[in-house]
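Enquirer: Below is the file run.tsv, with TSV, C-alpha atoms.
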```
chain	number	residue	atom	x	y	z
W	54	MET	CA	100.07	-27.41	37.53
W	55	VAL	CA	100.87	-25.46	40.72
W	56	TYR	CA	98.10	-25.12	43.30
W	57	GLN	CA	97.76	-22.52	45.99
W	58	VAL	CA	98.09	-24.17	49.40
W	59	LYS	CA	94.68	-23.04	50.55
W	60	PHE	CA	91.86	-25.20	51.81
W	61	SER	CA	88.41	-24.50	53.22
W	62	GLN	CA	87.58	-25.61	56.77
W	63	LEU	CA	85.58	-28.50	55.33
W	64	GLN	CA	88.51	-29.61	53.19
W	65	LYS	CA	90.91	-29.30	56.12
W	66	LYS	CA	88.75	-31.47	58.35
W	67	PHE	CA	88.43	-34.02	55.54
W	68	LEU	CA	92.17	-34.22	54.92
W	69	ILE	CA	93.13	-34.29	58.60
W	70	THR	CA	90.59	-37.05	59.28
W	71	CYS	CA	91.77	-39.07	56.26
W	72	SER	CA	95.34	-38.83	57.55
W	73	LEU	CA	94.32	-40.66	60.75
W	74	PHE	CA	93.74	-43.88	58.82
W	75	HIS	CA	96.39	-46.28	57.56
W	76	GLU	CA	94.73	-46.89	54.20
W	77	LEU	CA	91.37	-46.10	52.65
W	78	ARG	CA	89.16	-47.22	49.78
W	79	TYR	CA	87.10	-44.80	47.71
W	80	LYS	CA	83.92	-45.59	49.66
W	81	ASP	CA	85.86	-44.79	52.84
W	82	ILE	CA	86.93	-41.35	51.72
W	83	SER	CA	83.34	-40.69	50.65
W	84	SER	CA	82.22	-41.58	54.19
W	85	ILE	CA	84.88	-39.29	55.66
W	86	TRP	CA	83.76	-36.48	53.33
W	87	GLU	CA	80.21	-36.84	54.68
W	88	PHE	CA	81.51	-37.01	58.27
W	89	ALA	CA	83.50	-33.81	57.69
W	90	GLY	CA	80.32	-32.01	56.63
W	91	GLY	CA	80.31	-32.41	52.87
W	92	LEU	CA	76.88	-32.11	51.28
W	93	SER	CA	77.69	-34.20	48.21
W	94	SER	CA	78.06	-37.98	48.32
W	95	LYS	CA	81.78	-37.87	47.51
W	96	PRO	CA	84.68	-35.41	47.71
W	97	PRO	CA	85.30	-33.20	44.65
W	98	SER	CA	87.68	-34.76	42.13
W	99	SER	CA	89.55	-31.44	42.09
W	100	LEU	CA	90.37	-31.87	45.80
W	101	ILE	CA	91.71	-35.39	45.21
W	102	LYS	CA	93.80	-34.16	42.29
W	103	LYS	CA	95.08	-31.20	44.30
W	104	SER	CA	96.06	-33.53	47.15
W	105	ARG	CA	98.05	-35.74	44.77
W	106	GLU	CA	99.81	-32.73	43.27
W	107	LEU	CA	100.82	-31.54	46.73
W	108	GLY	CA	102.17	-34.96	47.64
W	109	ILE	CA	99.82	-35.49	50.57
W	110	LEU	CA	97.97	-38.30	48.83
W	111	THR	CA	99.23	-41.35	46.97
W	112	GLN	CA	97.14	-44.01	45.28
W	113	ASP	CA	98.05	-47.70	45.19
W	114	ASN	CA	96.48	-49.61	42.27
W	115	THR	CA	98.32	-52.88	42.91
W	116	ASP	CA	95.07	-54.76	43.47
W	117	GLY	CA	93.35	-53.16	40.45
W	118	ILE	CA	91.59	-49.85	39.83
W	119	LYS	CA	88.42	-50.95	41.63
W	120	ASN	CA	90.47	-51.73	44.76
W	121	THR	CA	92.60	-48.59	44.73
W	122	LYS	CA	94.04	-47.70	48.13
W	123	TYR	CA	94.17	-44.03	49.12
W	124	ILE	CA	97.08	-43.27	51.44
W	125	PHE	CA	97.22	-39.83	53.05
W	126	ASN	CA	100.59	-38.67	54.37
W	127	LYS	CA	99.96	-37.66	57.97
W	128	GLN	CA	103.32	-35.95	58.48
W	129	LYS	CA	102.89	-33.78	55.38
W	130	ILE	CA	99.29	-32.93	56.24
W	131	ASP	CA	100.27	-32.00	59.80
W	132	LYS	CA	103.03	-29.78	58.44
W	133	LEU	CA	100.82	-28.22	55.78
W	134	LEU	CA	97.58	-27.72	57.70
W	135	LEU	CA	98.63	-27.80	61.36
W	136	LYS	CA	101.95	-25.99	61.05
W	137	GLY	CA	103.92	-29.14	61.80
W	138	LYS	CA	102.03	-30.09	64.94
W	139	ASP	CA	101.64	-33.87	65.23
W	140	THR	CA	98.13	-34.49	66.53
W	141	ARG	CA	98.97	-37.93	67.89
W	142	ILE	CA	99.96	-38.56	71.50
W	143	GLY	CA	103.24	-40.45	71.25
W	144	TYR	CA	104.52	-42.97	73.76
W	145	LYS	CA	108.11	-44.16	73.37
W	146	ASP	CA	109.19	-47.58	74.52
W	147	LYS	CA	112.61	-48.29	76.01
W	148	GLY	CA	114.17	-48.44	72.56
W	149	GLY	CA	112.91	-44.94	71.77
W	150	ALA	CA	110.47	-45.98	69.04
W	151	VAL	CA	106.76	-45.16	69.05
W	152	THR	CA	104.90	-48.44	69.49
W	153	PHE	CA	101.86	-49.36	67.40
W	154	SER	CA	99.85	-52.53	66.83
W	155	PHE	CA	99.11	-52.39	63.13
W	156	GLU	CA	96.59	-55.26	63.09
W	157	HIS	CA	94.71	-53.86	66.09
W	158	ASP	CA	94.62	-50.34	64.64
W	159	LEU	CA	93.55	-51.53	61.19
W	160	LEU	CA	90.62	-53.56	62.58
W	161	LEU	CA	89.62	-50.71	64.88
W	162	GLN	CA	89.65	-48.25	62.00
W	163	ARG	CA	87.51	-50.53	59.82
W	164	ILE	CA	84.90	-50.64	62.59
W	165	ILE	CA	84.95	-46.86	63.08
W	166	LEU	CA	84.49	-46.30	59.34
W	167	LEU	CA	81.33	-48.42	59.26
W	168	LYS	CA	79.15	-45.70	60.76
W	169	LEU	CA	81.42	-42.66	60.71
W	170	PRO	CA	78.96	-40.40	58.79
W	171	LEU	CA	76.55	-40.74	61.73
W	172	PHE	CA	78.96	-38.67	63.79
W	173	LYS	CA	78.89	-35.56	61.63
W	174	GLY	CA	79.88	-32.64	63.82
W	175	TYR	CA	82.22	-34.73	65.97
W	176	GLU	CA	86.02	-34.64	66.03
W	177	LEU	CA	87.75	-38.00	65.68
W	178	SER	CA	91.12	-38.97	67.10
W	179	PHE	CA	93.15	-42.17	67.55
W	180	PRO	CA	95.51	-41.52	70.48
W	181	VAL	CA	98.60	-43.74	70.49
W	182	ASP	CA	99.96	-43.37	74.03
W	183	LYS	CA	99.49	-46.80	75.60
W	184	SER	CA	101.46	-46.28	78.80
W	185	PHE	CA	99.94	-47.71	81.98
W	186	GLU	CA	100.18	-44.40	83.81
W	187	ARG	CA	97.99	-42.52	81.38
W	188	LEU	CA	94.39	-43.23	80.35
W	189	VAL	CA	94.41	-43.06	76.56
W	190	PRO	CA	91.50	-44.80	74.77
W	191	ASP	CA	91.80	-46.43	71.35
W	192	ALA	CA	89.48	-43.85	69.75
W	193	ILE	CA	87.66	-40.69	70.82
W	194	MET	CA	84.79	-38.91	69.08
W	195	LYS	CA	83.83	-35.60	70.67
W	196	GLU	CA	81.01	-33.20	69.84
W	197	SER	CA	81.45	-29.78	71.39
W	198	GLN	CA	77.91	-28.41	71.01
W	199	LEU	CA	76.38	-31.05	73.27
W	200	ASN	CA	79.67	-31.70	75.06
W	201	HIS	CA	79.26	-35.38	74.26
W	202	SER	CA	82.11	-37.87	73.94
W	203	VAL	CA	82.13	-41.42	72.59
W	204	ILE	CA	85.11	-43.39	73.87
W	205	VAL	CA	86.03	-46.65	72.11
W	206	GLU	CA	88.14	-49.50	73.45
W	207	PHE	CA	88.74	-52.36	71.01
W	208	ASP	CA	89.94	-55.87	71.84
W	209	ASN	CA	91.17	-57.77	68.77
W	210	ASP	CA	91.31	-60.96	70.84
W	211	THR	CA	94.73	-60.14	72.31
W	212	GLU	CA	93.70	-58.21	75.44
W	213	ARG	CA	94.59	-59.81	78.74
W	214	ARG	CA	92.04	-59.72	81.54
W	215	PHE	CA	94.12	-57.62	83.96
W	216	ASP	CA	95.09	-55.08	81.29
W	217	PHE	CA	91.46	-54.73	80.25
W	218	VAL	CA	89.85	-54.52	83.68
W	219	SER	CA	92.51	-52.08	84.96
W	220	LYS	CA	91.07	-49.48	82.57
W	221	LEU	CA	87.77	-49.18	84.39
W	222	PRO	CA	89.06	-47.55	87.62
W	223	ARG	CA	91.00	-45.10	85.46
W	224	PHE	CA	87.88	-44.28	83.45
W	225	ALA	CA	86.05	-43.75	86.75
W	226	GLU	CA	88.76	-41.36	87.95
W	227	GLU	CA	88.79	-39.49	84.63
W	228	TYR	CA	85.02	-38.99	84.40
W	229	SER	CA	83.95	-38.56	88.03
W	230	HIS	CA	83.74	-34.77	87.75
W	231	LEU	CA	82.01	-33.98	84.47
W	232	LYS	CA	80.65	-30.55	83.65
W	233	ASN	CA	76.91	-30.07	84.05
W	234	ASN	CA	76.12	-30.65	80.38
W	235	GLU	CA	78.86	-33.20	79.64
W	236	LYS	CA	78.01	-36.82	78.79
W	237	VAL	CA	80.25	-39.77	77.98
W	238	ASP	CA	79.50	-43.11	76.31
W	239	ILE	CA	82.30	-45.68	76.67
W	240	ILE	CA	82.05	-48.62	74.27
W	241	PHE	CA	84.08	-51.79	74.74
W	242	VAL	CA	84.14	-53.64	71.41
W	243	PHE	CA	85.26	-57.27	71.04
W	244	LYS	CA	86.45	-58.84	67.79
W	245	GLY	CA	84.25	-61.74	66.76
W	246	SER	CA	81.89	-63.18	69.39
W	247	PRO	CA	84.10	-64.28	72.32
W	248	ILE	CA	81.27	-65.05	74.75
W	249	ASN	CA	83.41	-66.87	77.31
W	250	LYS	CA	85.97	-64.08	77.35
W	251	MET	CA	83.29	-61.43	77.77
W	252	VAL	CA	81.75	-63.38	80.66
W	253	THR	CA	85.16	-63.72	82.34
W	254	PHE	CA	85.84	-60.00	81.98
W	255	ILE	CA	82.40	-59.05	83.35
W	256	ASN	CA	82.80	-61.42	86.31
W	257	THR	CA	86.14	-59.79	87.07
W	258	ILE	CA	84.58	-56.33	86.81
W	259	THR	CA	82.12	-57.28	89.59
W	260	LEU	CA	85.14	-57.65	91.89
W	261	THR	CA	86.88	-54.49	90.67
W	262	ARG	CA	86.85	-51.28	92.69
W	263	THR	CA	87.49	-47.66	91.79
W	264	PHE	CA	90.38	-45.83	93.40
W	265	THR	CA	87.90	-44.54	96.00
W	266	GLY	CA	86.67	-48.04	96.87
W	267	GLU	CA	83.34	-48.11	95.00
W	268	SER	CA	82.25	-51.07	92.94
W	269	ILE	CA	82.04	-50.32	89.21
W	270	LYS	CA	78.28	-50.91	89.34
W	271	ASP	CA	77.84	-48.42	92.19
W	272	TRP	CA	80.07	-45.90	90.44
W	273	LEU	CA	78.00	-46.13	87.25
W	274	SER	CA	74.81	-45.74	89.29
W	275	ASN	CA	76.20	-42.65	90.98
W	276	ASN	CA	77.43	-41.16	87.70
W	277	PRO	CA	74.36	-41.21	85.41
W	278	LYS	CA	76.05	-39.11	82.72
W	279	VAL	CA	78.48	-41.97	81.97
W	280	ASN	CA	77.35	-45.15	80.23
W	281	MET	CA	79.52	-48.17	79.46
W	282	TYR	CA	78.64	-50.77	76.84
W	283	PHE	CA	79.95	-54.29	76.16
W	284	ILE	CA	79.41	-55.35	72.53
W	285	THR	CA	80.82	-57.54	69.79
W	286	GLU	CA	81.94	-55.90	66.57
W	287	TYR	CA	78.67	-57.00	64.92
W	288	ALA	CA	76.61	-54.80	67.26
W	289	TRP	CA	78.64	-51.64	66.52
W	290	SER	CA	76.30	-50.31	63.83
W	291	THR	CA	73.15	-50.82	65.92
W	292	LEU	CA	74.52	-49.32	69.13
W	293	THR	CA	76.13	-46.27	67.52
W	294	GLN	CA	72.91	-45.56	65.60
W	295	SER	CA	71.00	-45.64	68.89
W	296	ILE	CA	73.50	-43.40	70.68
W	297	VAL	CA	73.33	-40.87	67.84
W	298	SER	CA	69.51	-41.05	67.85
W	299	ARG	CA	69.53	-40.22	71.55
W	300	THR	CA	71.95	-37.29	71.22
W	301	SER	CA	70.14	-35.99	68.11
W	302	SER	CA	66.87	-35.92	70.06
W	303	GLU	CA	68.61	-34.08	72.87
W	304	ARG	CA	70.00	-31.53	70.42
W	305	ASN	CA	66.57	-30.91	68.91
W	306	GLU	CA	64.75	-30.66	72.23
W	307	LYS	CA	67.53	-29.01	74.30
W	308	VAL	CA	67.02	-31.67	76.96
W	309	THR	CA	68.58	-31.09	80.36
W	310	SER	CA	66.70	-33.07	82.98
W	311	ASP	CA	63.31	-33.57	81.32
W	312	ILE	CA	62.75	-36.53	78.98
W	313	SER	CA	59.18	-35.66	78.01
W	314	GLY	CA	60.27	-33.99	74.80
W	315	ILE	CA	62.26	-36.87	73.35
W	316	ALA	CA	61.39	-40.39	72.31
W	317	LEU	CA	63.47	-43.27	71.06
W	318	SER	CA	62.41	-46.23	68.93
W	319	SER	CA	61.98	-49.61	70.60
W	320	LEU	CA	65.19	-50.78	68.87
W	321	ASP	CA	67.11	-47.81	70.31
W	322	ILE	CA	65.81	-48.57	73.80
W	323	LYS	CA	66.77	-52.22	73.46
W	324	ALA	CA	70.28	-51.42	72.22
W	325	LEU	CA	70.97	-48.84	74.93
W	326	TYR	CA	69.66	-51.23	77.60
W	327	TYR	CA	70.76	-54.72	76.54
W	328	TYR	CA	74.28	-53.68	75.51
W	329	ASN	CA	74.79	-51.63	78.68
W	330	LEU	CA	77.36	-52.92	81.17
W	331	MET	CA	74.93	-52.09	84.00
W	332	TYR	CA	72.55	-54.74	82.66
W	333	TYR	CA	75.25	-57.41	82.69
W	334	LEU	CA	76.44	-56.44	86.17
W	335	SER	CA	72.94	-57.15	87.48
W	336	PHE	CA	73.52	-60.90	87.08
W	337	GLU	CA	74.84	-62.69	90.15
W	338	ASN	CA	75.07	-66.10	88.51
W	339	GLY	CA	77.80	-66.60	85.89
W	340	GLN	CA	75.79	-69.23	84.02
W	341	ASP	CA	72.78	-66.93	83.73
W	342	LEU	CA	75.09	-64.20	82.44
W	343	LYS	CA	76.53	-66.52	79.79
W	344	LEU	CA	73.07	-67.63	78.63
W	345	THR	CA	71.96	-63.99	78.43
W	346	LEU	CA	75.04	-62.94	76.44
W	347	ASP	CA	74.52	-65.88	74.08
W	348	LYS	CA	70.95	-64.76	73.46
W	349	ILE	CA	71.84	-61.10	72.95
W	350	VAL	CA	74.84	-61.76	70.70
W	351	TYR	CA	73.22	-64.38	68.50
W	352	SER	CA	69.67	-63.00	68.32
W	353	ASP	CA	68.15	-60.25	66.25
W	354	LEU	CA	67.76	-57.40	68.71
W	355	GLN	CA	64.27	-56.78	67.35
W	356	ASP	CA	63.26	-60.23	68.62
W	357	LEU	CA	64.21	-59.46	72.22
W	358	PRO	CA	61.43	-58.20	74.50
W	359	LEU	CA	61.10	-54.50	75.16
W	360	PRO	CA	62.52	-54.01	78.67
W	361	ASN	CA	60.07	-52.88	81.32
W	362	LEU	CA	62.25	-50.13	82.73
W	363	THR	CA	62.14	-48.37	86.06
W	364	GLN	CA	62.35	-44.59	85.97
W	365	GLN	CA	65.93	-44.76	87.22
W	366	GLU	CA	66.93	-47.18	84.44
W	367	LEU	CA	65.35	-45.01	81.77
W	368	LEU	CA	67.07	-41.89	83.07
W	369	LYS	CA	70.36	-43.81	83.02
W	370	ILE	CA	69.84	-44.70	79.37
W	371	TYR	CA	69.37	-40.99	78.65
W	372	SER	CA	72.38	-40.07	80.82
W	373	ILE	CA	70.17	-37.72	82.81
W	374	ILE	CA	70.54	-36.80	86.47
W	375	PRO	CA	67.14	-37.33	88.16
W	376	THR	CA	65.28	-34.23	89.33
W	377	LYS	CA	61.81	-33.75	90.76
W	378	GLN	CA	60.64	-32.84	87.27
W	379	SER	CA	62.15	-35.83	85.48
W	380	GLU	CA	61.00	-38.32	88.13
W	381	VAL	CA	57.31	-37.75	87.38
W	382	VAL	CA	57.33	-37.34	83.59
W	383	PRO	CA	55.78	-40.31	81.72
W	384	HIS	CA	57.57	-41.50	78.61
W	385	GLN	CA	56.46	-43.19	75.41
W	386	ILE	CA	58.52	-44.74	72.64
W	387	ASN	CA	58.15	-43.12	69.25
W	388	ASP	CA	56.99	-46.24	67.39
W	389	GLY	CA	54.20	-47.24	69.77
W	390	THR	CA	52.29	-46.29	72.87
W	391	THR	CA	53.65	-48.78	75.40
W	392	SER	CA	54.93	-47.14	78.57
W	393	LEU	CA	58.46	-48.10	79.58
W	394	PHE	CA	57.93	-47.49	83.27
W	395	ASN	CA	57.15	-50.19	85.80
```
Rewrite the coordinates I just gave you, this time as C-alpha cells.
Expert:
Amino acid sequence: MVYQVKFSQLQKKFLITCSLFHELRYKDISSIWEFAGGLSSKPPSSLIKKSRELGILTQDNTDGIKNTKYIFNKQKIDKLLLKGKDTRIGYKDKGGAVTFSFEHDLLLQRIILLKLPLFKGYELSFPVDKSFERLVPDAIMKESQLNHSVIVEFDNDTERRFDFVSKLPRFAEEYSHLKNNEKVDIIFVFKGSPINKMVTFINTITLTRTFTGESIKDWLSNNPKVNMYFITEYAWSTLTQSIVSRTSSERNEKVTSDISGIALSSLDIKALYYYNLMYYLSFENGQDLKLTLDKIVYSDLQDLPLPNLTQQELLKIYSIIPTKQSEVVPHQINDGTTSLFN
C-alpha cells in the first residue's frame, strides 16, 4: 500500500522525538506520544504501520514480541520531515568521525523517558557536540510559552572532576544575561549513588570561580532565575515532578514577581530545596556535607523536615527576582497552613 507522505504537526513531533532515541519499547513510544501532545494513551496503529511502510521505522523482535524494539531512522526522518536537515550538533574528532558514548547516551535516554510526558509542550534535544570550546549539555528541554529551559548533565560514573567542574563557569557565562521572563533549571544527574564522588565535586565547586571571578555560590545568588541541582538518578522523578509543578503554577497564575498566587506541596518545596546546589554549597565542613548527602540520598524525602525558608531562599526556589511586592507577600504551602518564612 502506498501512503501519502503527509503528517500532522502532532505526528511530526512524535516521529522527530522518537528519532532522537537509540531504541524504544512500546511503553516508551506511548510516553513520547503523550509528550508530543497526543490525547490517547498510545499512538494510532495506522501511524506505526505507515512509518514501517515508509521505511522510517523498523521493529526488532529478537527478544520476543513482548520485548519488541522500535528503531526510528533519524536520517530518513530528517530527510522526510526536516528536508534533510540534521538536527544534531556534530563534533568531529581528529579522525573525522562524529564521537558518541553509546552507554552514556542510552542510560541518559532511559532517565529522560521516565518522566517525559510531564514535559508536554517542551521541545527535547540531545546535542552531540562535546568539544571543550562549546557549552553543549547532554539534554535540553525548552518550553517557549514560559521561556523555561531544563538542562540535563548526566554522569554515568565516568566523568572526571576537572571535566565536570569546568562546565559550571561556562554555564554561568551562558546564562548571565537571560531575558526578563526566561528561567533555567540545570540538573546534574549521577548514575547510582556515588556519595563520595558527589562530595568531592561539590567541594571542588566551592573553589571554582566564574570567568568574571565570582564564586559559583555568589553567581547563583546574583542570578535567581537560574537553579542548579545535584541528584542521583533515583531522585529524577521527584525533582522533575516538582519543577513541572512550579512551572505549571506559574503558567496558571501568570507569575512574574509575586508568589502569592501559587503554592507548592511540601514535597515540592523539599525537592526544590534539598536537591539544590545552593543548599550543598552552604556547608563549610566536608564531613557535615557527606552526612547530609547520605541522609538525603537514602531517606524518603517525605521524612525530611520542611525547611524553614527565608524570603530570599523561597524566591530562589521560584526563580523570582525580588521586588518590593514579592518581599512582603506571605506564602503558604498547598497541603497545609505552615508558613515557610523565618
Enquirer: Return the single residue from W:Met251, W:Leu100, W:Ile240, W:Leu330 that is closest to Ile296 (chain W), with distances computed using only C-alpha atoms.
Expert: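 Checking each of W:Met251, W:Leu100, W:Ile240, W:Leu330 against Ile296 (chain W), counting only C-alpha atoms, the winner is W:Ile240.
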Enquirer: Record the distance separating CA of Thr363 (chain W) and CA of Trp272 (chain W), expressed in Å with one decimal.
Expert: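 Going from CA of Thr363 (chain W) over to CA of Trp272 (chain W) covers 18.6 Å.
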Enquirer: If we count all atoms listed in the file, what is near region 121-128 of chain W at a cut-off of 9 Å, once residues fewer than 4 positions away on the same chain are taken out, given as a PDB file with C-alpha atoms, in the coordinates of the input?
Expert:
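Contents of around.pdb, as written:
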```
ATOM      1  CA  LEU W  68      92.170 -34.220  54.920  1.00  0.00           C
ATOM      2  CA  ILE W  69      93.130 -34.290  58.600  1.00  0.00           C
ATOM      3  CA  CYS W  71      91.770 -39.070  56.260  1.00  0.00           C
ATOM      4  CA  SER W  72      95.340 -38.830  57.550  1.00  0.00           C
ATOM      5  CA  LEU W  73      94.320 -40.660  60.750  1.00  0.00           C
ATOM      6  CA  PHE W  74      93.740 -43.880  58.820  1.00  0.00           C
ATOM      7  CA  HIS W  75      96.390 -46.280  57.560  1.00  0.00           C
ATOM      8  CA  GLU W  76      94.730 -46.890  54.200  1.00  0.00           C
ATOM      9  CA  LEU W  77      91.370 -46.100  52.650  1.00  0.00           C
ATOM     10  CA  ARG W  78      89.160 -47.220  49.780  1.00  0.00           C
ATOM     11  CA  TYR W  79      87.100 -44.800  47.710  1.00  0.00           C
ATOM     12  CA  ILE W  82      86.930 -41.350  51.720  1.00  0.00           C
ATOM     13  CA  SER W 104      96.060 -33.530  47.150  1.00  0.00           C
ATOM     14  CA  GLY W 108     102.170 -34.960  47.640  1.00  0.00           C
ATOM     15  CA  ILE W 109      99.820 -35.490  50.570  1.00  0.00           C
ATOM     16  CA  LEU W 110      97.970 -38.300  48.830  1.00  0.00           C
ATOM     17  CA  THR W 111      99.230 -41.350  46.970  1.00  0.00           C
ATOM     18  CA  GLN W 112      97.140 -44.010  45.280  1.00  0.00           C
ATOM     19  CA  ASP W 113      98.050 -47.700  45.190  1.00  0.00           C
ATOM     20  CA  ASN W 114      96.480 -49.610  42.270  1.00  0.00           C
ATOM     21  CA  THR W 115      98.320 -52.880  42.910  1.00  0.00           C
ATOM     22  CA  ASP W 116      95.070 -54.760  43.470  1.00  0.00           C
ATOM     23  CA  GLY W 117      93.350 -53.160  40.450  1.00  0.00           C
ATOM     24  CA  LYS W 132     103.030 -29.780  58.440  1.00  0.00           C
ATOM     25  CA  LEU W 133     100.820 -28.220  55.780  1.00  0.00           C
ATOM     26  CA  GLY W 137     103.920 -29.140  61.800  1.00  0.00           C
ATOM     27  CA  LYS W 138     102.030 -30.090  64.940  1.00  0.00           C
ATOM     28  CA  ASP W 139     101.640 -33.870  65.230  1.00  0.00           C
TER      29      ASP W 139
END
```
Enquirer: Using all atoms listed in the file, which of the listed residues (W:Pro97, W:Pro170, W:Pro190, W:Pro180) sits closest to Thr293 (chain W)?
Expert: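 Closest candidate: W:Pro170.
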Enquirer: With distances taken over only C-alpha atoms, which of W:Leu221, W:Ile284, W:Leu63, W:Val58 is nearest to Glu106 (chain W)?
Expert: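 Among W:Leu221, W:Ile284, W:Leu63, W:Val58, it is W:Val58 that comes nearest to Glu106 (chain W).
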Enquirer: Could you jot down the CA of Tyr371 (chain W) to CA of Asp238 (chain W) separation for me, Å, one decimal place?
Expert: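 Distance reported for this atom pair: 10.6 Å.
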Enquirer: Around region 193-205 of chain W, fit a box with edges along x, y and z, padding it by 6 Å on each side, then list its centre and edge lengths in Å to one decimal as AutoDock Vina command-line options.
Expert:
```
--center_x 82.0 --center_y -37.5 --center_z 72.1 --size_x 23.3 --size_y 30.2 --size_z 18.0
```
Enquirer: May I ask for the distance between CA of Met194 (chain W) and CA of Leu273 (chain W), given in Å to one decimal place?
Expert: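 Taking CA of Met194 (chain W) and CA of Leu273 (chain W), their separation equals 20.7 Å.
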Enquirer: Nearest residue to Ser197 (chain W) out of W:Gln340, W:Asn234, W:Asn120, W:Thr259, using only C-alpha atoms?
Expert: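 The closest residue to Ser197 (chain W) is W:Asn234.
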Enquirer: Counting all atoms listed in the file, which residue out of W:Asp341, W:Glu156, W:Glu87, W:Asp353 sits closest to Val252 (chain W)?
Expert: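 Of the candidates, the smallest distance to Val252 (chain W) is held by W:Asp341.
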Enquirer: With distances taken over only C-alpha atoms, which residue among W:Arg299, W:Lys80, W:Arg105, W:Lys66 lies nearest Leu166 (chain W)?
Expert: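 Going through W:Arg299, W:Lys80, W:Arg105, W:Lys66 one by one, the smallest distance to Leu166 (chain W) is for W:Lys80.
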Enquirer: Since the input lacks some atoms of region 59-74 of chain W, please model N, CA, C and O atoms and print them as a tab-separated table (two decimals), in the coordinates of the input.
Expert:
```tsv
chain	number	residue	atom	x	y	z
W	59	LYS	N	95.79	-23.65	49.84
W	59	LYS	CA	94.68	-23.04	50.55
W	59	LYS	C	93.50	-23.99	50.53
W	59	LYS	O	93.09	-24.45	49.46
W	60	PHE	N	92.98	-24.28	51.70
W	60	PHE	CA	91.86	-25.20	51.81
W	60	PHE	C	90.77	-24.58	52.67
W	60	PHE	O	91.05	-23.83	53.61
W	61	SER	N	89.53	-24.94	52.38
W	61	SER	CA	88.41	-24.50	53.22
W	61	SER	C	88.43	-25.30	54.52
W	61	SER	O	89.14	-26.31	54.64
W	62	GLN	N	87.64	-24.88	55.51
W	62	GLN	CA	87.58	-25.61	56.77
W	62	GLN	C	87.06	-27.03	56.56
W	62	GLN	O	87.54	-27.97	57.19
W	63	LEU	N	86.10	-27.18	55.67
W	63	LEU	CA	85.58	-28.50	55.33
W	63	LEU	C	86.68	-29.38	54.75
W	63	LEU	O	86.86	-30.54	55.15
W	64	GLN	N	87.44	-28.84	53.82
W	64	GLN	CA	88.51	-29.61	53.19
W	64	GLN	C	89.61	-29.95	54.18
W	64	GLN	O	90.17	-31.05	54.16
W	65	LYS	N	89.90	-29.03	55.10
W	65	LYS	CA	90.91	-29.30	56.12
W	65	LYS	C	90.49	-30.45	57.03
W	65	LYS	O	91.27	-31.35	57.32
W	66	LYS	N	89.23	-30.40	57.48
W	66	LYS	CA	88.75	-31.47	58.35
W	66	LYS	C	88.78	-32.80	57.62
W	66	LYS	O	89.15	-33.84	58.20
W	67	PHE	N	88.41	-32.80	56.35
W	67	PHE	CA	88.43	-34.02	55.54
W	67	PHE	C	89.84	-34.58	55.45
W	67	PHE	O	90.07	-35.77	55.71
W	68	LEU	N	90.80	-33.75	55.10
W	68	LEU	CA	92.17	-34.22	54.92
W	68	LEU	C	92.80	-34.67	56.24
W	68	LEU	O	93.48	-35.71	56.29
W	69	ILE	N	92.57	-33.92	57.30
W	69	ILE	CA	93.13	-34.29	58.60
W	69	ILE	C	92.53	-35.61	59.08
W	69	ILE	O	93.24	-36.47	59.61
W	70	THR	N	91.22	-35.80	58.88
W	70	THR	CA	90.59	-37.05	59.28
W	70	THR	C	91.10	-38.22	58.44
W	70	THR	O	91.40	-39.30	58.98
W	71	CYS	N	91.24	-38.01	57.13
W	71	CYS	CA	91.77	-39.07	56.26
W	71	CYS	C	93.17	-39.49	56.71
W	71	CYS	O	93.52	-40.67	56.66
W	72	SER	N	93.95	-38.53	57.19
W	72	SER	CA	95.34	-38.83	57.55
W	72	SER	C	95.43	-39.67	58.82
W	72	SER	O	96.50	-40.22	59.13
W	73	LEU	N	94.32	-39.83	59.54
W	73	LEU	CA	94.32	-40.66	60.75
W	73	LEU	C	94.30	-42.14	60.43
W	73	LEU	O	94.62	-42.97	61.30
W	74	PHE	N	93.92	-42.49	59.20
W	74	PHE	CA	93.74	-43.88	58.82
W	74	PHE	C	94.95	-44.40	58.05
W	74	PHE	O	95.57	-43.67	57.28
```
